[in-house]
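Scroll down for the structure; my scribbles are underneath it.
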There are 2 protein chains.
Amino acid sequence: MAEILVVGSVGYDSITTPSGHKDNLLGGSANYFSLAASKYSKVNVVGVVGDDYKKKDIELLTSRNVCVSGLQTLEGETFRWTGKYENDMNEAITLDTQLNVFQHFNPQIPDQYKNSGYVFLANIDPVLQMQVLGQVEKPKLVGVDTMNFWIESKLDDLKKVLSKVDVLLINEGEARELTGLWNGIGAAKVLSEMGPRAIVIKRGEYGFVLYMDGQYFILPAFPVEKVIDPTGAGDTFAGGFFGYLSKVDGDFEMAHLKQACVHGCILASYTVQDFGVNPLIDLSWKDLEARQSEYSQVISYR
Amino acid sequence: MAEILVVGSVGYDSITTPSGHKDNLLGGSANYFSLAASKYSKVNVVGVVGDDYKKKDIELLTSRNVCVSGLQTLEGETFRWTGKYENDMNEAITLDTQLNVFQHFNPQIPDQYKNSGYVFLANIDPVLQMQVLGQVEKPKLVGVDTMNFWIESKLDDLKKVLSKVDVLLINEGEARELTGLWNGIGAAKVLSEMGPRAIVIKRGEYGFVLYMDGQYFILPAFPVEKVIDPTGAGDTFAGGFFGYLSKVDGDFEMAHLKQACVHGCILASYTVQDFGVNPLIDLSWKDLEARQSEYSQVISYR
């Protein structure tokens, strides 16, 4: 079992979906990722919060096998995102983004994090992602996420990052934007030529596409009859994916990556069932195993 | 092995996709369905063509285990559809529809077709679908397809048909329109309450959802790197689905329906690889078996 380093956003979200509205939910990619990944291995978080960040939200992580030594507190307010979903739960509509202290984020990797075997660079400025890569010591596997904002504003920096990492986890819409290809199957191949040996395209309710070494692994999401809030599903997926890989800590091969995707998929199916990180907090291994067995039925025909 | 009756459109299509443009392609739901289903069982077609319909297009069916005694020829022109696809291959944009003789279609089921064990009512006026149901003798399984036009213009008639059939095969967009639910998982359940014991939601490149007796079976499409023309993929799916079921001719149970969906899915993956019905014509069992084995790899993780 190896440790996982995640560098990403930490903040509060206000979210409206067809199921309702919630203000000031604990959010940010690093929170979703950590709560998922820490079910498997120790997680080391690097991020930044303002002095308004609640103590209980820090304690939520520390009580769950997550080290927060790398969480800087700066004077000012914490990052806040306001968004909504209309019918299409695969597409978030941003209403307001207040970067606050996040605009001064300068990721510093604490010494004790530097030999984390697994590194996930969540969706932040690719220039910062590259700075992180300069500070870690030969991780076994590095994964990266990104978003349309960076594809449009810092494509060259993003391409440098892609040339240095092992796995790209990306939404289907962003895969389209980055490759110019609508078809996720064709896009995965082109993305792989940009550097990452493995590509995971996240398709929301349609599941995921994993592509590596000319092979595809594709499955739908676990069927959820009523999606309440899809925020964080992609980061939860990444958490389950890296969690599983770090726990097994085996070779970089398709069989492990397939399992990792299934773990990510199962965890993400909980995230969408309620607002914010709530569904992840008290999720047990027993729950996860039961759902994995149900999932296996849903996709099996022999 | 039982015979299959299909009632649907027969016509010529002019199609533009990002890969090119083709005029006067053989098309129509009954043609796609028959070419797929006849790989498994004898297919009986009921449809209507004009006196411009080409002899070779009839011969294509008769050379392939399809009976065309139910194909009426009326004075006038054959049904023609002109459409295009832009980026999203899941959505056809209709540019022109010339119903021609199709607007006088009054399906008459020849006596020798009346005890076909399997009946597929492709996307036609629900009033005509009901007329067909009045003419057949206790088929073992009846399936139906429909489209937004009938949902908007003849909802009451469509609901009557739904209350009489065993399986509804429908596009995801149309499932949304019929239920008011965006989520295909929730929609399947609601559709089943309208009558059909089994619901198959066709999701294009994202595959399908089968729902029956409270159970889901969900898989992605076979990965095709370059989709040339998705026209007819849904009818091909239905052809593979009914073809398999009629060949096995077993009980109406989940295990058979799961296999039927996989067969539909594999056949449809060929249809999208070229314009029109071409990819189905010379497709061999050997091809199908090889692709089914490849598909099994794509979706397996144990």
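Chain identifiers are assigned as A, B, and so on, following the order in which chains appear in the structure tokens; residues are numbered from 1 within each chain, and ligands are numbered from 1 in order of appearance.
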
So which bits of stretch 184-259 of chain B end up helix (DSSP H, G or I) when you DSSP the backbone, as a PDB file with N, CA and C atoms, in the first residue's frame?
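Once written, states-v8.pdb looks like this:
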ATOM      1  N   GLY B 184     -32.273   8.286 -18.151  1.00  0.00           N
ATOM      2  CA  GLY B 184     -32.744   7.081 -18.835  1.00  0.00           C
ATOM      3  C   GLY B 184     -33.079   5.938 -17.885  1.00  0.00           C
ATOM      4  N   ILE B 185     -32.416   5.906 -16.742  1.00  0.00           N
ATOM      5  CA  ILE B 185     -32.638   4.832 -15.770  1.00  0.00           C
ATOM      6  C   ILE B 185     -34.041   4.971 -15.167  1.00  0.00           C
ATOM      7  N   GLY B 186     -34.348   6.194 -14.737  1.00  0.00           N
ATOM      8  CA  GLY B 186     -35.685   6.453 -14.199  1.00  0.00           C
ATOM      9  C   GLY B 186     -36.746   6.317 -15.282  1.00  0.00           C
ATOM     10  N   ALA B 187     -36.426   6.771 -16.496  1.00  0.00           N
ATOM     11  CA  ALA B 187     -37.395   6.731 -17.600  1.00  0.00           C
ATOM     12  C   ALA B 187     -37.792   5.289 -17.936  1.00  0.00           C
ATOM     13  N   ALA B 188     -36.844   4.381 -17.894  1.00  0.00           N
ATOM     14  CA  ALA B 188     -37.135   2.981 -18.248  1.00  0.00           C
ATOM     15  C   ALA B 188     -38.237   2.418 -17.354  1.00  0.00           C
ATOM     16  N   LYS B 189     -38.146   2.717 -16.079  1.00  0.00           N
ATOM     17  CA  LYS B 189     -39.121   2.230 -15.104  1.00  0.00           C
ATOM     18  C   LYS B 189     -40.517   2.785 -15.425  1.00  0.00           C
ATOM     19  N   VAL B 190     -40.574   4.083 -15.695  1.00  0.00           N
ATOM     20  CA  VAL B 190     -41.859   4.728 -15.983  1.00  0.00           C
ATOM     21  C   VAL B 190     -42.451   4.170 -17.289  1.00  0.00           C
ATOM     22  N   LEU B 191     -41.609   3.960 -18.281  1.00  0.00           N
ATOM     23  CA  LEU B 191     -42.084   3.415 -19.554  1.00  0.00           C
ATOM     24  C   LEU B 191     -42.677   2.024 -19.359  1.00  0.00           C
ATOM     25  N   SER B 192     -42.060   1.245 -18.490  1.00  0.00           N
ATOM     26  CA  SER B 192     -42.540  -0.109 -18.245  1.00  0.00           C
ATOM     27  C   SER B 192     -43.937  -0.073 -17.624  1.00  0.00           C
ATOM     28  N   GLU B 193     -44.192   0.957 -16.817  1.00  0.00           N
ATOM     29  CA  GLU B 193     -45.532   1.095 -16.214  1.00  0.00           C
ATOM     30  C   GLU B 193     -46.600   1.432 -17.271  1.00  0.00           C
ATOM     31  N   GLY B 204     -27.327   5.157 -28.664  1.00  0.00           N
ATOM     32  CA  GLY B 204     -26.305   5.447 -29.676  1.00  0.00           C
ATOM     33  C   GLY B 204     -24.940   4.947 -29.225  1.00  0.00           C
ATOM     34  N   GLU B 205     -23.914   5.806 -29.329  1.00  0.00           N
ATOM     35  CA  GLU B 205     -22.558   5.389 -28.986  1.00  0.00           C
ATOM     36  C   GLU B 205     -22.419   4.968 -27.517  1.00  0.00           C
ATOM     37  N   TYR B 206     -23.414   5.346 -26.691  1.00  0.00           N
ATOM     38  CA  TYR B 206     -23.359   4.963 -25.278  1.00  0.00           C
ATOM     39  C   TYR B 206     -24.034   3.622 -25.014  1.00  0.00           C
ATOM     40  N   ALA B 233     -29.025   2.461 -37.279  1.00  0.00           N
ATOM     41  CA  ALA B 233     -28.391   1.684 -36.208  1.00  0.00           C
ATOM     42  C   ALA B 233     -29.452   1.139 -35.244  1.00  0.00           C
ATOM     43  N   GLY B 234     -30.453   1.954 -34.935  1.00  0.00           N
ATOM     44  CA  GLY B 234     -31.502   1.520 -34.011  1.00  0.00           C
ATOM     45  C   GLY B 234     -32.334   0.374 -34.592  1.00  0.00           C
ATOM     46  N   ASP B 235     -32.637   0.440 -35.878  1.00  0.00           N
ATOM     47  CA  ASP B 235     -33.415  -0.637 -36.516  1.00  0.00           C
ATOM     48  C   ASP B 235     -32.568  -1.897 -36.675  1.00  0.00           C
ATOM     49  N   THR B 236     -31.268  -1.697 -36.884  1.00  0.00           N
ATOM     50  CA  THR B 236     -30.370  -2.849 -36.943  1.00  0.00           C
ATOM     51  C   THR B 236     -30.321  -3.529 -35.582  1.00  0.00           C
ATOM     52  N   PHE B 237     -30.230  -2.708 -34.530  1.00  0.00           N
ATOM     53  CA  PHE B 237     -30.244  -3.246 -33.167  1.00  0.00           C
ATOM     54  C   PHE B 237     -31.496  -4.101 -32.977  1.00  0.00           C
ATOM     55  N   ALA B 238     -32.646  -3.533 -33.359  1.00  0.00           N
ATOM     56  CA  ALA B 238     -33.912  -4.265 -33.210  1.00  0.00           C
ATOM     57  C   ALA B 238     -33.877  -5.565 -34.009  1.00  0.00           C
ATOM     58  N   GLY B 239     -33.271  -5.521 -35.185  1.00  0.00           N
ATOM     59  CA  GLY B 239     -33.167  -6.725 -36.012  1.00  0.00           C
ATOM     60  C   GLY B 239     -32.345  -7.808 -35.332  1.00  0.00           C
ATOM     61  N   GLY B 240     -31.217  -7.431 -34.769  1.00  0.00           N
ATOM     62  CA  GLY B 240     -30.380  -8.398 -34.060  1.00  0.00           C
ATOM     63  C   GLY B 240     -31.094  -8.925 -32.818  1.00  0.00           C
ATOM     64  N   PHE B 241     -31.800  -8.045 -32.155  1.00  0.00           N
ATOM     65  CA  PHE B 241     -32.532  -8.381 -30.932  1.00  0.00           C
ATOM     66  C   PHE B 241     -33.617  -9.420 -31.223  1.00  0.00           C
ATOM     67  N   PHE B 242     -34.484  -9.119 -32.196  1.00  0.00           N
ATOM     68  CA  PHE B 242     -35.558 -10.053 -32.534  1.00  0.00           C
ATOM     69  C   PHE B 242     -35.009 -11.295 -33.223  1.00  0.00           C
ATOM     70  N   GLY B 243     -33.960 -11.102 -34.022  1.00  0.00           N
ATOM     71  CA  GLY B 243     -33.345 -12.242 -34.677  1.00  0.00           C
ATOM     72  C   GLY B 243     -32.889 -13.264 -33.645  1.00  0.00           C
ATOM     73  N   TYR B 244     -32.151 -12.798 -32.668  1.00  0.00           N
ATOM     74  CA  TYR B 244     -31.653 -13.714 -31.632  1.00  0.00           C
ATOM     75  C   TYR B 244     -32.804 -14.384 -30.895  1.00  0.00           C
ATOM     76  N   LEU B 245     -33.789 -13.574 -30.461  1.00  0.00           N
ATOM     77  CA  LEU B 245     -34.902 -14.139 -29.681  1.00  0.00           C
ATOM     78  C   LEU B 245     -35.680 -15.189 -30.467  1.00  0.00           C
ATOM     79  N   SER B 246     -35.881 -14.915 -31.766  1.00  0.00           N
ATOM     80  CA  SER B 246     -36.668 -15.862 -32.561  1.00  0.00           C
ATOM     81  C   SER B 246     -35.886 -17.141 -32.802  1.00  0.00           C
ATOM     82  N   LYS B 247     -34.587 -17.013 -32.911  1.00  0.00           N
ATOM     83  CA  LYS B 247     -33.754 -18.199 -33.148  1.00  0.00           C
ATOM     84  C   LYS B 247     -33.771 -19.098 -31.907  1.00  0.00           C
ATOM     85  N   VAL B 248     -33.605 -18.487 -30.739  1.00  0.00           N
ATOM     86  CA  VAL B 248     -33.621 -19.252 -29.492  1.00  0.00           C
ATOM     87  C   VAL B 248     -35.043 -19.728 -29.209  1.00  0.00           C
ATOM     88  N   MET B 254     -35.060 -12.616 -18.674  1.00  0.00           N
ATOM     89  CA  MET B 254     -33.959 -11.659 -18.706  1.00  0.00           C
ATOM     90  C   MET B 254     -32.720 -12.218 -19.406  1.00  0.00           C
ATOM     91  N   ALA B 255     -32.381 -13.471 -19.138  1.00  0.00           N
ATOM     92  CA  ALA B 255     -31.150 -14.039 -19.706  1.00  0.00           C
ATOM     93  C   ALA B 255     -31.182 -13.981 -21.242  1.00  0.00           C
ATOM     94  N   HIS B 256     -32.333 -14.312 -21.840  1.00  0.00           N
ATOM     95  CA  HIS B 256     -32.436 -14.259 -23.297  1.00  0.00           C
ATOM     96  C   HIS B 256     -32.418 -12.809 -23.802  1.00  0.00           C
ATOM     97  N   LEU B 257     -33.108 -11.935 -23.087  1.00  0.00           N
ATOM     98  CA  LEU B 257     -33.169 -10.542 -23.533  1.00  0.00           C
ATOM     99  C   LEU B 257     -31.791  -9.874 -23.454  1.00  0.00           C
ATOM    100  N   LYS B 258     -31.011 -10.251 -22.452  1.00  0.00           N
ATOM    101  CA  LYS B 258     -29.651  -9.710 -22.341  1.00  0.00           C
ATOM    102  C   LYS B 258     -28.836 -10.096 -23.575  1.00  0.00           C
ATOM    103  N   GLN B 259     -28.862 -11.386 -23.903  1.00  0.00           N
ATOM    104  CA  GLN B 259     -28.130 -11.862 -25.089  1.00  0.00           C
ATOM    105  C   GLN B 259     -28.640 -11.159 -26.349  1.00  0.00           C
TER     106      GLN B 259
END

Problem - At most 7 Å to chain B: residues in chain A, only C-alpha atoms, as a ChimeraX atom specification - result: /A:87-88,182,185-186,206,216-220,223-226,255,258-259,298-299,301

Produce the least-squares-superposed copy of chain B, fitted on chain A over all in-order C-alpha pairs, as a short mmCIF file (atom, residue, chain, number, x, y, z; two decimals) with C-alpha atoms, in the first residue's frame.
data_model
loop_
_atom_site.label_atom_id
_atom_site.label_comp_id
_atom_site.auth_asym_id
_atom_site.auth_seq_id
_atom_site.Cartn_x
_atom_site.Cartn_y
_atom_site.Cartn_z
CA MET B 1 -0.02 -0.01 0.00
CA ALA B 2 1.42 3.36 -1.05
CA GLU B 3 0.46 6.93 -0.17
CA ILE B 4 -1.42 9.24 -2.51
CA LEU B 5 -0.74 12.92 -3.04
CA VAL B 6 -3.57 15.09 -4.36
CA VAL B 7 -3.23 18.74 -5.31
CA GLY B 8 -6.48 20.52 -6.03
CA SER B 9 -9.19 22.92 -5.00
CA VAL B 10 -10.79 23.06 -1.56
CA GLY B 11 -13.82 25.25 -1.13
CA TYR B 12 -17.51 25.81 -0.66
CA ASP B 13 -20.18 25.32 -3.31
CA SER B 14 -23.69 26.66 -3.74
CA ILE B 15 -25.58 24.30 -5.99
CA THR B 16 -28.99 24.24 -7.62
CA THR B 17 -30.27 21.08 -9.33
CA PRO B 18 -33.78 20.00 -10.32
CA SER B 19 -33.90 18.39 -6.83
CA GLY B 20 -33.28 21.57 -4.85
CA HIS B 21 -30.77 24.14 -3.71
CA LYS B 22 -27.98 24.04 -1.12
CA ASP B 23 -25.62 26.78 -0.02
CA ASN B 24 -22.08 26.51 1.33
CA LEU B 25 -21.59 22.82 0.75
CA LEU B 26 -18.13 21.50 1.40
CA GLY B 27 -16.63 21.00 -2.06
CA GLY B 28 -13.57 21.24 -4.25
CA SER B 29 -11.79 18.50 -6.16
CA ALA B 30 -9.35 17.70 -3.35
CA ASN B 31 -12.15 17.09 -0.85
CA TYR B 32 -14.13 14.72 -3.08
CA PHE B 33 -10.94 12.96 -4.13
CA SER B 34 -9.62 12.56 -0.58
CA LEU B 35 -12.85 11.25 0.90
CA ALA B 36 -12.97 8.61 -1.83
CA ALA B 37 -9.27 7.66 -2.00
CA SER B 38 -8.78 7.51 1.77
CA LYS B 39 -11.06 4.47 1.88
CA TYR B 40 -8.11 2.61 0.33
CA SER B 41 -4.85 4.34 1.35
CA LYS B 42 -3.42 7.30 3.20
CA VAL B 43 -4.01 10.54 1.29
CA ASN B 44 -1.83 13.66 1.48
CA VAL B 45 -3.61 16.86 0.50
CA VAL B 46 -2.08 20.03 -0.89
CA GLY B 47 -4.44 22.97 -1.27
CA VAL B 48 -5.29 26.38 0.06
CA VAL B 49 -8.11 27.68 2.23
CA GLY B 50 -9.03 31.06 3.67
CA ASP B 51 -9.33 31.90 7.34
CA ASP B 52 -13.10 31.34 7.10
CA TYR B 53 -12.62 27.63 6.40
CA LYS B 54 -14.40 25.62 9.06
CA LYS B 55 -12.45 23.59 11.55
CA LYS B 56 -14.95 20.72 11.29
CA ASP B 57 -14.24 20.48 7.57
CA ILE B 58 -10.56 19.97 8.30
CA GLU B 59 -11.41 17.45 11.00
CA LEU B 60 -13.57 15.54 8.56
CA LEU B 61 -10.42 14.76 6.57
CA THR B 62 -8.06 14.14 9.46
CA SER B 63 -10.53 11.68 10.98
CA ARG B 64 -10.37 9.70 7.74
CA ASN B 65 -6.76 8.79 6.97
CA VAL B 66 -6.07 12.11 5.24
CA CYS B 67 -3.06 14.25 6.12
CA VAL B 68 -3.68 17.98 5.84
CA SER B 69 -0.14 19.27 6.56
CA GLY B 70 -0.07 20.52 2.97
CA LEU B 71 -3.27 22.52 3.34
CA GLN B 72 -2.15 26.17 3.55
CA THR B 73 -4.34 28.76 5.25
CA LEU B 74 -4.10 32.25 3.78
CA GLU B 75 -5.69 35.44 4.99
CA GLY B 76 -8.93 36.01 3.13
CA GLU B 77 -11.86 33.96 1.97
CA THR B 78 -11.96 30.37 0.76
CA PHE B 79 -12.66 29.51 -2.89
CA ARG B 80 -16.38 29.51 -3.69
CA TRP B 81 -18.27 28.11 -6.67
CA THR B 82 -21.92 28.67 -7.49
CA GLY B 83 -23.43 26.48 -10.16
CA LYS B 84 -26.54 24.80 -11.40
CA TYR B 85 -27.69 21.83 -13.41
CA GLU B 86 -30.77 21.87 -15.54
CA ASN B 87 -31.95 18.70 -17.21
CA ASP B 88 -28.62 17.45 -18.41
CA MET B 89 -26.82 16.31 -15.28
CA ASN B 90 -23.66 15.83 -17.33
CA GLU B 91 -23.28 19.59 -17.73
CA ALA B 92 -22.67 22.05 -14.89
CA ILE B 93 -23.53 25.67 -15.55
CA THR B 94 -21.24 28.01 -13.62
CA LEU B 95 -23.10 31.01 -12.20
CA ASP B 96 -20.25 32.50 -10.17
CA THR B 97 -16.67 31.69 -9.28
CA GLN B 98 -14.89 33.51 -6.46
CA LEU B 99 -11.28 32.36 -6.52
CA ASN B 100 -10.45 34.32 -3.34
CA VAL B 101 -7.30 32.80 -1.75
CA PHE B 102 -7.16 30.21 -4.53
CA GLN B 103 -5.80 32.82 -6.93
CA HIS B 104 -2.66 33.01 -4.77
CA PHE B 105 -2.26 29.25 -4.63
CA ASN B 106 1.39 28.30 -4.90
CA PRO B 107 1.54 24.58 -4.18
CA GLN B 108 4.32 23.63 -1.78
CA ILE B 109 4.77 19.93 -1.27
CA PRO B 110 5.77 19.15 2.34
CA ASP B 111 8.88 16.96 2.59
CA GLN B 112 6.95 14.06 4.07
CA TYR B 113 4.65 14.03 0.99
CA LYS B 114 7.43 14.01 -1.59
CA ASN B 115 7.75 10.28 -1.95
CA SER B 116 4.01 9.60 -2.25
CA GLY B 117 3.87 6.78 -4.81
CA TYR B 118 0.70 8.03 -6.48
CA VAL B 119 0.11 11.64 -7.48
CA PHE B 120 -3.14 13.16 -8.71
CA LEU B 121 -3.05 16.67 -10.13
CA ALA B 122 -6.69 17.69 -9.98
CA ASN B 123 -8.07 20.42 -12.19
CA ILE B 124 -5.84 23.45 -11.46
CA ASP B 125 -3.68 25.76 -13.60
CA PRO B 126 -1.31 23.58 -15.67
CA VAL B 127 1.54 25.90 -14.67
CA LEU B 128 0.93 24.90 -11.05
CA GLN B 129 0.54 21.25 -12.04
CA MET B 130 4.02 21.45 -13.57
CA GLN B 131 5.39 23.06 -10.41
CA VAL B 132 4.10 20.11 -8.41
CA LEU B 133 5.76 17.65 -10.77
CA GLY B 134 9.05 19.48 -10.16
CA GLN B 135 8.74 18.89 -6.41
CA VAL B 136 7.86 15.18 -6.18
CA GLU B 137 10.41 12.36 -6.22
CA LYS B 138 9.82 9.69 -8.84
CA PRO B 139 6.21 8.79 -8.13
CA LYS B 140 5.10 5.44 -9.46
CA LEU B 141 2.10 6.88 -11.24
CA VAL B 142 0.96 10.43 -11.98
CA GLY B 143 -2.54 11.32 -13.10
CA VAL B 144 -3.96 14.64 -14.20
CA ASP B 145 -7.36 16.22 -14.78
CA THR B 146 -8.10 19.49 -16.53
CA MET B 147 -11.02 21.59 -17.79
CA ASN B 148 -12.14 23.72 -20.74
CA PHE B 149 -10.85 26.93 -19.12
CA TRP B 150 -7.23 25.69 -19.26
CA ILE B 151 -7.67 24.13 -22.69
CA GLU B 152 -8.75 27.53 -23.97
CA SER B 153 -6.33 29.73 -22.03
CA LYS B 154 -3.16 27.67 -21.40
CA LEU B 155 -3.03 24.97 -24.04
CA ASP B 156 0.77 24.98 -24.39
CA ASP B 157 1.29 24.60 -20.65
CA LEU B 158 -1.32 21.87 -20.53
CA LYS B 159 0.42 19.99 -23.35
CA LYS B 160 3.69 20.12 -21.40
CA VAL B 161 1.95 18.57 -18.40
CA LEU B 162 0.37 15.88 -20.59
CA SER B 163 3.77 14.92 -21.94
CA LYS B 164 4.92 14.18 -18.36
CA VAL B 165 2.06 12.16 -16.87
CA ASP B 166 0.91 8.55 -16.99
CA VAL B 167 -2.87 8.92 -16.87
CA LEU B 168 -5.23 11.63 -18.05
CA LEU B 169 -8.71 11.61 -16.51
CA ILE B 170 -10.96 13.96 -18.42
CA ASN B 171 -14.64 14.69 -19.10
CA GLU B 172 -15.95 13.71 -22.50
CA GLY B 173 -16.77 17.33 -23.41
CA GLU B 174 -13.22 18.37 -22.59
CA ALA B 175 -11.78 15.44 -24.51
CA ARG B 176 -13.72 16.74 -27.51
CA GLU B 177 -12.39 20.23 -27.03
CA LEU B 178 -8.81 19.05 -26.67
CA THR B 179 -8.87 16.77 -29.73
CA GLY B 180 -11.48 18.31 -32.00
CA LEU B 181 -13.07 14.84 -32.18
CA TRP B 182 -16.66 14.32 -31.13
CA ASN B 183 -16.33 10.56 -30.80
CA GLY B 184 -14.86 9.63 -27.43
CA ILE B 185 -13.38 6.41 -28.82
CA GLY B 186 -11.33 8.23 -31.44
CA ALA B 187 -10.51 11.03 -28.98
CA ALA B 188 -8.99 8.61 -26.45
CA LYS B 189 -6.44 7.43 -29.00
CA VAL B 190 -5.45 10.98 -29.97
CA LEU B 191 -5.15 12.03 -26.31
CA SER B 192 -2.83 9.10 -25.66
CA GLU B 193 -0.55 10.37 -28.44
CA MET B 194 -0.19 13.59 -26.41
CA GLY B 195 1.71 11.71 -23.72
CA PRO B 196 -0.33 9.80 -21.14
CA ARG B 197 -0.12 6.05 -21.64
CA ALA B 198 -3.62 5.64 -20.19
CA ILE B 199 -6.66 7.80 -20.91
CA VAL B 200 -9.87 7.73 -18.88
CA ILE B 201 -12.76 9.62 -20.45
CA LYS B 202 -15.51 10.28 -17.91
CA ARG B 203 -18.97 10.17 -19.47
CA GLY B 204 -21.21 10.94 -16.49
CA GLU B 205 -24.29 8.70 -16.48
CA TYR B 206 -22.84 6.88 -19.50
CA GLY B 207 -19.83 5.71 -17.52
CA PHE B 208 -16.26 5.79 -18.78
CA VAL B 209 -13.82 4.80 -21.51
CA LEU B 210 -10.37 3.56 -20.51
CA TYR B 211 -7.82 3.37 -23.31
CA MET B 212 -4.29 2.00 -22.97
CA ASP B 213 -1.85 0.31 -25.34
CA GLY B 214 -4.43 0.05 -28.12
CA GLN B 215 -7.06 -1.57 -25.87
CA TYR B 216 -10.40 -0.19 -24.74
CA PHE B 217 -12.34 -0.89 -21.56
CA ILE B 218 -15.77 0.70 -21.53
CA LEU B 219 -18.63 0.45 -19.07
CA PRO B 220 -21.73 2.44 -18.14
CA ALA B 221 -22.25 4.15 -14.80
CA PHE B 222 -24.01 2.22 -12.05
CA PRO B 223 -27.73 2.88 -12.64
CA VAL B 224 -29.01 5.57 -10.29
CA GLU B 225 -32.72 6.24 -10.73
CA LYS B 226 -32.58 9.76 -9.37
CA VAL B 227 -29.41 11.81 -9.62
CA ILE B 228 -29.60 14.57 -7.00
CA ASP B 229 -26.28 16.40 -7.50
CA PRO B 230 -23.53 15.26 -9.87
CA THR B 231 -20.95 17.74 -8.53
CA GLY B 232 -17.72 16.00 -7.62
CA ALA B 233 -18.55 12.72 -9.35
CA GLY B 234 -15.47 12.99 -11.58
CA ASP B 235 -13.15 13.72 -8.64
CA THR B 236 -14.74 10.90 -6.68
CA PHE B 237 -14.09 8.60 -9.63
CA ALA B 238 -10.45 9.71 -9.61
CA GLY B 239 -10.30 9.08 -5.87
CA GLY B 240 -11.58 5.53 -6.23
CA PHE B 241 -9.27 4.97 -9.19
CA PHE B 242 -6.09 6.12 -7.43
CA GLY B 243 -7.24 4.61 -4.16
CA TYR B 244 -7.51 1.17 -5.70
CA LEU B 245 -4.22 1.46 -7.61
CA SER B 246 -2.29 2.62 -4.56
CA LYS B 247 -3.73 -0.15 -2.41
CA VAL B 248 -2.78 -2.84 -4.93
CA ASP B 249 0.46 -1.00 -5.75
CA GLY B 250 1.20 -3.37 -8.62
CA ASP B 251 2.45 -2.94 -12.18
CA PHE B 252 1.02 -0.34 -14.54
CA GLU B 253 -1.13 -2.77 -16.46
CA MET B 254 -4.59 -2.96 -17.99
CA ALA B 255 -5.99 -5.48 -15.50
CA HIS B 256 -5.31 -3.14 -12.55
CA LEU B 257 -6.55 -0.06 -14.39
CA LYS B 258 -9.79 -1.82 -15.30
CA GLN B 259 -10.46 -2.65 -11.65
CA ALA B 260 -9.49 0.90 -10.68
CA CYS B 261 -12.10 2.29 -13.08
CA VAL B 262 -14.80 0.06 -11.63
CA HIS B 263 -13.92 1.22 -8.12
CA GLY B 264 -14.06 4.85 -9.27
CA CYS B 265 -17.37 4.24 -10.96
CA ILE B 266 -18.96 2.62 -7.89
CA LEU B 267 -17.81 5.41 -5.56
CA ALA B 268 -19.03 8.11 -7.96
CA SER B 269 -22.47 6.49 -8.04
CA TYR B 270 -22.84 7.38 -4.35
CA THR B 271 -21.68 10.96 -4.78
CA VAL B 272 -24.51 11.77 -7.19
CA GLN B 273 -27.17 10.47 -4.81
CA ASP B 274 -27.14 13.53 -2.56
CA PHE B 275 -25.74 17.06 -2.39
CA GLY B 276 -22.02 17.63 -1.80
CA VAL B 277 -19.67 15.13 -0.18
CA ASN B 278 -22.31 13.80 2.22
CA PRO B 279 -22.82 10.39 0.59
CA LEU B 280 -19.10 9.59 0.85
CA ILE B 281 -18.66 10.33 4.52
CA ASP B 282 -20.08 7.23 6.14
CA LEU B 283 -19.87 4.88 3.20
CA SER B 284 -18.69 1.47 4.36
CA TRP B 285 -16.78 -1.31 2.62
CA LYS B 286 -19.87 -3.42 3.02
CA ASP B 287 -21.92 -0.88 1.05
CA LEU B 288 -19.26 -0.70 -1.65
CA GLU B 289 -18.96 -4.45 -1.98
CA ALA B 290 -22.73 -4.91 -2.20
CA ARG B 291 -22.98 -2.29 -4.92
CA GLN B 292 -20.06 -3.72 -6.80
CA SER B 293 -21.78 -7.06 -6.85
CA GLU B 294 -25.01 -5.43 -8.04
CA TYR B 295 -23.06 -3.58 -10.74
CA SER B 296 -21.54 -6.81 -11.90
CA GLN B 297 -25.07 -8.18 -12.46
CA VAL B 298 -26.09 -5.07 -14.39
CA ILE B 299 -23.29 -5.49 -16.92
CA SER B 300 -23.08 -9.31 -17.15
CA TYR B 301 -24.78 -11.47 -19.71
CA ARG B 302 -23.03 -14.80 -19.52
#

Problem - Sel. of strand (DSSP E or B) residues, stretch 29-276 of chain A, as number ranges by chain - result: A: 43-50, 66-74, 79-84, 93-98, 118-121, 141-144, 167-171, 198-202, 208-212, 215-219
